[in-house]
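Q: Can you keep this structure in mind? I'll have questions shortly.
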Amino acid sequence: ETTRSVYGSICRSSWSLQNQNEKRSCRTHKKVAEIQSPAEIGADAPKPKETRTQPLVQGVAGKLNFTALQQGVKKASAGGNLRMKRDEIIQVRLVALIVEVGRLELTPEYLLVQDRINKQYVKVAWADVPQLKQAGVNFDTLQQLFWGEYPNARKGLKLTLDSKTSLKLDYADWTKLGKQDFPQQMTLTIQSSKNNYGGIFRYSNLQADDRIEVQPTVISSSYKQVELEKILKQLTK
């Protein structure tokens, strides 16, 4: 319901505007979730391990274009920006022309999805989401996905959330960012037995910024908290 409202809000905003756990001191080595390349999918497929031995770029900032997908069909698009500080926060802001319509924020403590048009949000600790906890998905997992740092990431990745649901990522247009490779496009698809949805994140004007500061979102009292279970049921039914 909330996911549809965010997608719907992006569409409505574009139309109307056009027409009117533990603290960490260092995470150089990370515990990863069960991630497999498409060629290795299966119950006995080996789990990749983080092999990077030294931190590289510590911060990234850039613009993005987000295209929402449902059943492989483009449903809506929005601009925005991406800001990431390693081991601390990932923040994605979606903007339809001049209005911020949605925000995704990930930290080691929580994940936040904010619908700024309908004044709704979900903010939950990683351990409080059974599907993510069961799959071993946490901030470290998604940080490596957003940074494109899993071994063989160029071949694509697939993460099994449960017996009926999986998350697939494909990267494209790699560039050099500081001393490391970074994908300028990430296609994320959540596949279930009855649904297939996701989005394309296309980045531009990327800059490495080791001194970047990203302020966590402060939720106004005018926003209504929505149960995450409602979103998960809507996405996987």
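Scheme for the structure tokens: letters A, B, ... for chains in order shown; per-chain residue numbers from 1; ligand numbers from 1 in order shown.
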Would you please extract all strand (DSSP E) residues from region 99-212 of chain A, as assigned by DSSP on the backbone, and give them as a VMD selection string?

A: chain A and resid 99 to 106 110 to 115 120 to 125 157 to 160 166 to 177 180 to 191 196 to 208

Q: Hey, can you spit out that residue selection with C-alpha atoms as a tab-separated table (two decimals), in the first residue's frame?

A:
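Saved result, result.tsv, follows:
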```tsv
chain	number	residue	atom	x	y	z
A	99	VAL	CA	9.29	18.70	-4.89
A	100	GLU	CA	10.89	15.96	-2.79
A	101	VAL	CA	8.43	13.08	-2.92
A	102	GLY	CA	10.25	10.26	-1.16
A	103	ARG	CA	13.31	9.31	0.79
A	104	LEU	CA	15.18	6.08	1.52
A	105	GLU	CA	17.65	6.11	4.39
A	106	LEU	CA	19.77	3.24	5.68
A	110	TYR	CA	17.53	1.31	11.05
A	111	LEU	CA	15.97	1.53	7.62
A	112	LEU	CA	13.66	4.40	6.79
A	113	VAL	CA	11.20	4.81	3.90
A	114	GLN	CA	9.46	8.17	3.81
A	115	ASP	CA	6.50	9.17	1.62
A	120	GLN	CA	3.76	8.59	5.88
A	121	TYR	CA	6.89	6.71	6.84
A	122	VAL	CA	8.34	3.42	7.98
A	123	LYS	CA	11.30	3.40	10.35
A	124	VAL	CA	12.35	0.03	11.73
A	125	ALA	CA	15.39	-1.73	13.16
A	157	LEU	CA	23.76	-10.73	-7.88
A	158	LYS	CA	20.77	-12.53	-6.48
A	159	LEU	CA	19.74	-12.65	-2.83
A	160	THR	CA	17.11	-15.08	-1.57
A	166	SER	CA	14.29	-12.92	-4.09
A	167	LEU	CA	16.14	-9.70	-4.79
A	168	LYS	CA	18.14	-9.37	-8.00
A	169	LEU	CA	20.67	-6.66	-8.86
A	170	ASP	CA	22.36	-5.81	-12.11
A	171	TYR	CA	25.04	-3.15	-12.50
A	172	ALA	CA	26.13	-1.21	-15.56
A	173	ASP	CA	28.34	1.63	-16.74
A	174	TRP	CA	31.17	1.26	-14.25
A	175	THR	CA	33.45	4.22	-13.68
A	176	LYS	CA	36.51	5.03	-11.61
A	177	LEU	CA	35.64	6.83	-8.38
A	180	GLN	CA	37.84	2.07	-6.87
A	181	ASP	CA	35.32	1.04	-9.49
A	182	PHE	CA	31.77	2.26	-8.99
A	183	PRO	CA	28.57	1.43	-10.93
A	184	GLN	CA	26.76	4.40	-12.44
A	185	GLN	CA	23.61	2.30	-12.88
A	186	MET	CA	21.97	-0.22	-10.58
A	187	THR	CA	18.80	-2.13	-11.44
A	188	LEU	CA	17.08	-3.65	-8.44
A	189	THR	CA	14.29	-6.17	-8.92
A	190	ILE	CA	12.24	-7.90	-6.21
A	191	GLN	CA	10.73	-11.07	-7.59
A	196	ASN	CA	7.88	-8.39	-10.05
A	197	TYR	CA	8.79	-4.82	-9.20
A	198	GLY	CA	11.78	-2.64	-8.51
A	199	GLY	CA	13.63	0.30	-9.94
A	200	ILE	CA	16.57	1.60	-11.93
A	201	PHE	CA	19.00	3.92	-10.16
A	202	ARG	CA	21.00	5.96	-12.67
A	203	TYR	CA	23.75	8.15	-11.18
A	204	SER	CA	25.53	11.19	-12.60
A	205	ASN	CA	27.99	13.82	-11.40
A	206	LEU	CA	29.42	11.35	-8.90
A	207	GLN	CA	32.15	12.62	-6.62
A	208	ALA	CA	34.30	10.93	-4.03
```

Q: Rounded to one decimal place, report the CA of Gly148 (chain A)-CA of Ile212 (chain A) distance in Å.

A: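 Computing it gives 19.2 Å between the two atoms.
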
Q: For a test of reading the model, state the distance in Å between CA of Ile89 (chain A) and CA of Gly62 (chain A), rounded to one decimal.

A: 14.6 Å

Q: Rank A:Lys85, A:Gln70, A:Leu94, A:Lys119 by their smallest atom-to-atom distance to Lys224 (chain A), using only C-alpha atoms, and report the top residue only.

A: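 So, comparing all the options, the nearest one is A:Lys119.
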
Q: One number please: CA of Gly136 (chain A) to CA of Leu161 (chain A), in Å, one decimal.

A: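 Separation of CA of Gly136 (chain A) and CA of Leu161 (chain A): 8.6 Å.
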
Q: Please, which residues of region 29-224 of chain A, numbered as in this document, come out alpha helix (DSSP H) from DSSP, as a list in words?

A: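 The residues of region 29-224 of chain A classed as alpha helix (DSSP H) are Pro130, Gln131, Leu132, Lys133, Gln134, Ala135, Phe139, Asp140, Thr141, Leu142, Gln143, Gln144, Leu145, Phe146 and Trp147 of chain A.
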
Q: May I have the residues from that selection written out with all heavy atoms, as a short mmCIF file (atom, residue, chain, number, x, y, z; two decimals), in the first residue's frame?

A:
```cif
data_model
loop_
_atom_site.label_atom_id
_atom_site.label_comp_id
_atom_site.auth_asym_id
_atom_site.auth_seq_id
_atom_site.Cartn_x
_atom_site.Cartn_y
_atom_site.Cartn_z
N PRO A 130 11.43 -9.74 10.03
CA PRO A 130 11.73 -11.18 9.99
C PRO A 130 12.36 -11.64 8.68
O PRO A 130 13.31 -12.43 8.70
CB PRO A 130 10.34 -11.82 10.19
CG PRO A 130 9.55 -10.79 10.94
CD PRO A 130 10.03 -9.47 10.41
N GLN A 131 11.84 -11.16 7.54
CA GLN A 131 12.38 -11.61 6.25
C GLN A 131 13.84 -11.23 6.09
O GLN A 131 14.65 -12.00 5.58
CB GLN A 131 11.55 -11.04 5.10
CG GLN A 131 10.16 -11.63 4.97
CD GLN A 131 9.14 -10.88 5.82
OE1 GLN A 131 9.49 -10.19 6.77
NE2 GLN A 131 7.87 -11.03 5.49
N LEU A 132 14.18 -10.02 6.50
CA LEU A 132 15.56 -9.57 6.38
C LEU A 132 16.46 -10.29 7.37
O LEU A 132 17.58 -10.69 7.04
CB LEU A 132 15.64 -8.05 6.59
CG LEU A 132 14.85 -7.19 5.61
CD1 LEU A 132 15.09 -5.72 5.89
CD2 LEU A 132 15.22 -7.53 4.16
N LYS A 133 15.96 -10.47 8.59
CA LYS A 133 16.75 -11.15 9.61
C LYS A 133 17.03 -12.59 9.21
O LYS A 133 18.15 -13.10 9.35
CB LYS A 133 16.02 -11.11 10.95
CG LYS A 133 16.79 -11.73 12.10
CD LYS A 133 16.03 -11.60 13.41
CE LYS A 133 16.83 -12.21 14.57
NZ LYS A 133 16.09 -12.08 15.85
N GLN A 134 16.01 -13.26 8.67
CA GLN A 134 16.16 -14.65 8.26
C GLN A 134 17.17 -14.79 7.12
O GLN A 134 17.95 -15.74 7.07
CB GLN A 134 14.81 -15.22 7.81
CG GLN A 134 14.86 -16.66 7.33
CD GLN A 134 13.50 -17.16 6.89
OE1 GLN A 134 12.48 -16.51 7.13
NE2 GLN A 134 13.48 -18.31 6.23
N ALA A 135 17.18 -13.80 6.22
CA ALA A 135 18.09 -13.84 5.08
C ALA A 135 19.47 -13.30 5.42
O ALA A 135 20.38 -13.35 4.59
CB ALA A 135 17.50 -13.04 3.91
N PHE A 139 22.46 -3.60 7.33
CA PHE A 139 23.07 -2.43 6.72
C PHE A 139 24.33 -2.79 5.94
O PHE A 139 24.56 -2.29 4.84
CB PHE A 139 23.40 -1.39 7.80
CG PHE A 139 24.14 -0.20 7.26
CD1 PHE A 139 23.48 0.79 6.54
CD2 PHE A 139 25.51 -0.07 7.46
CE1 PHE A 139 24.16 1.89 6.03
CE2 PHE A 139 26.20 1.02 6.96
CZ PHE A 139 25.52 2.00 6.24
N ASP A 140 25.15 -3.66 6.52
CA ASP A 140 26.39 -4.05 5.84
C ASP A 140 26.09 -4.67 4.47
O ASP A 140 26.78 -4.40 3.49
CB ASP A 140 27.17 -5.05 6.69
CG ASP A 140 27.75 -4.42 7.94
OD1 ASP A 140 27.88 -3.18 7.97
OD2 ASP A 140 28.05 -5.16 8.89
N THR A 141 25.05 -5.50 4.42
CA THR A 141 24.68 -6.14 3.16
C THR A 141 24.34 -5.10 2.10
O THR A 141 24.87 -5.12 0.99
CB THR A 141 23.45 -7.04 3.37
OG1 THR A 141 23.64 -7.88 4.51
CG2 THR A 141 23.19 -7.90 2.14
N LEU A 142 23.43 -4.19 2.46
CA LEU A 142 22.97 -3.21 1.48
C LEU A 142 24.04 -2.18 1.16
O LEU A 142 24.09 -1.64 0.05
CB LEU A 142 21.70 -2.54 1.99
CG LEU A 142 20.49 -3.49 2.08
CD1 LEU A 142 19.26 -2.76 2.58
CD2 LEU A 142 20.21 -4.15 0.74
N GLN A 143 24.91 -1.90 2.11
CA GLN A 143 26.01 -0.98 1.82
C GLN A 143 26.89 -1.56 0.71
O GLN A 143 27.26 -0.86 -0.24
CB GLN A 143 26.86 -0.75 3.07
CG GLN A 143 28.08 0.12 2.79
CD GLN A 143 28.81 0.54 4.05
OE1 GLN A 143 28.77 1.70 4.43
NE2 GLN A 143 29.47 -0.40 4.72
N GLN A 144 27.20 -2.83 0.79
CA GLN A 144 28.01 -3.45 -0.25
C GLN A 144 27.27 -3.49 -1.59
O GLN A 144 27.89 -3.38 -2.64
CB GLN A 144 28.44 -4.86 0.18
CG GLN A 144 29.49 -4.83 1.29
CD GLN A 144 30.01 -6.21 1.62
OE1 GLN A 144 29.25 -7.14 1.82
NE2 GLN A 144 31.32 -6.33 1.68
N LEU A 145 25.95 -3.64 -1.54
CA LEU A 145 25.18 -3.63 -2.77
C LEU A 145 25.20 -2.25 -3.41
O LEU A 145 25.41 -2.11 -4.62
CB LEU A 145 23.73 -4.06 -2.50
CG LEU A 145 23.52 -5.50 -2.02
CD1 LEU A 145 22.04 -5.78 -1.81
CD2 LEU A 145 24.11 -6.50 -3.01
N PHE A 146 24.98 -1.20 -2.62
CA PHE A 146 24.96 0.15 -3.16
C PHE A 146 26.33 0.58 -3.67
O PHE A 146 26.44 1.34 -4.64
CB PHE A 146 24.46 1.15 -2.11
CG PHE A 146 22.97 1.38 -2.16
CD1 PHE A 146 22.11 0.55 -1.45
CD2 PHE A 146 22.43 2.41 -2.92
CE1 PHE A 146 20.74 0.76 -1.48
CE2 PHE A 146 21.07 2.62 -2.97
CZ PHE A 146 20.21 1.80 -2.25
N TRP A 147 27.38 0.11 -3.02
CA TRP A 147 28.73 0.47 -3.46
C TRP A 147 29.25 -0.46 -4.56
O TRP A 147 30.30 -0.22 -5.13
CB TRP A 147 29.71 0.42 -2.27
CG TRP A 147 29.56 1.53 -1.29
CD1 TRP A 147 28.59 1.68 -0.35
CD2 TRP A 147 30.42 2.67 -1.15
NE1 TRP A 147 28.79 2.83 0.38
CE2 TRP A 147 29.91 3.46 -0.08
CE3 TRP A 147 31.57 3.10 -1.80
CZ2 TRP A 147 30.51 4.65 0.32
CZ3 TRP A 147 32.17 4.28 -1.38
CH2 TRP A 147 31.63 5.05 -0.34
#
```
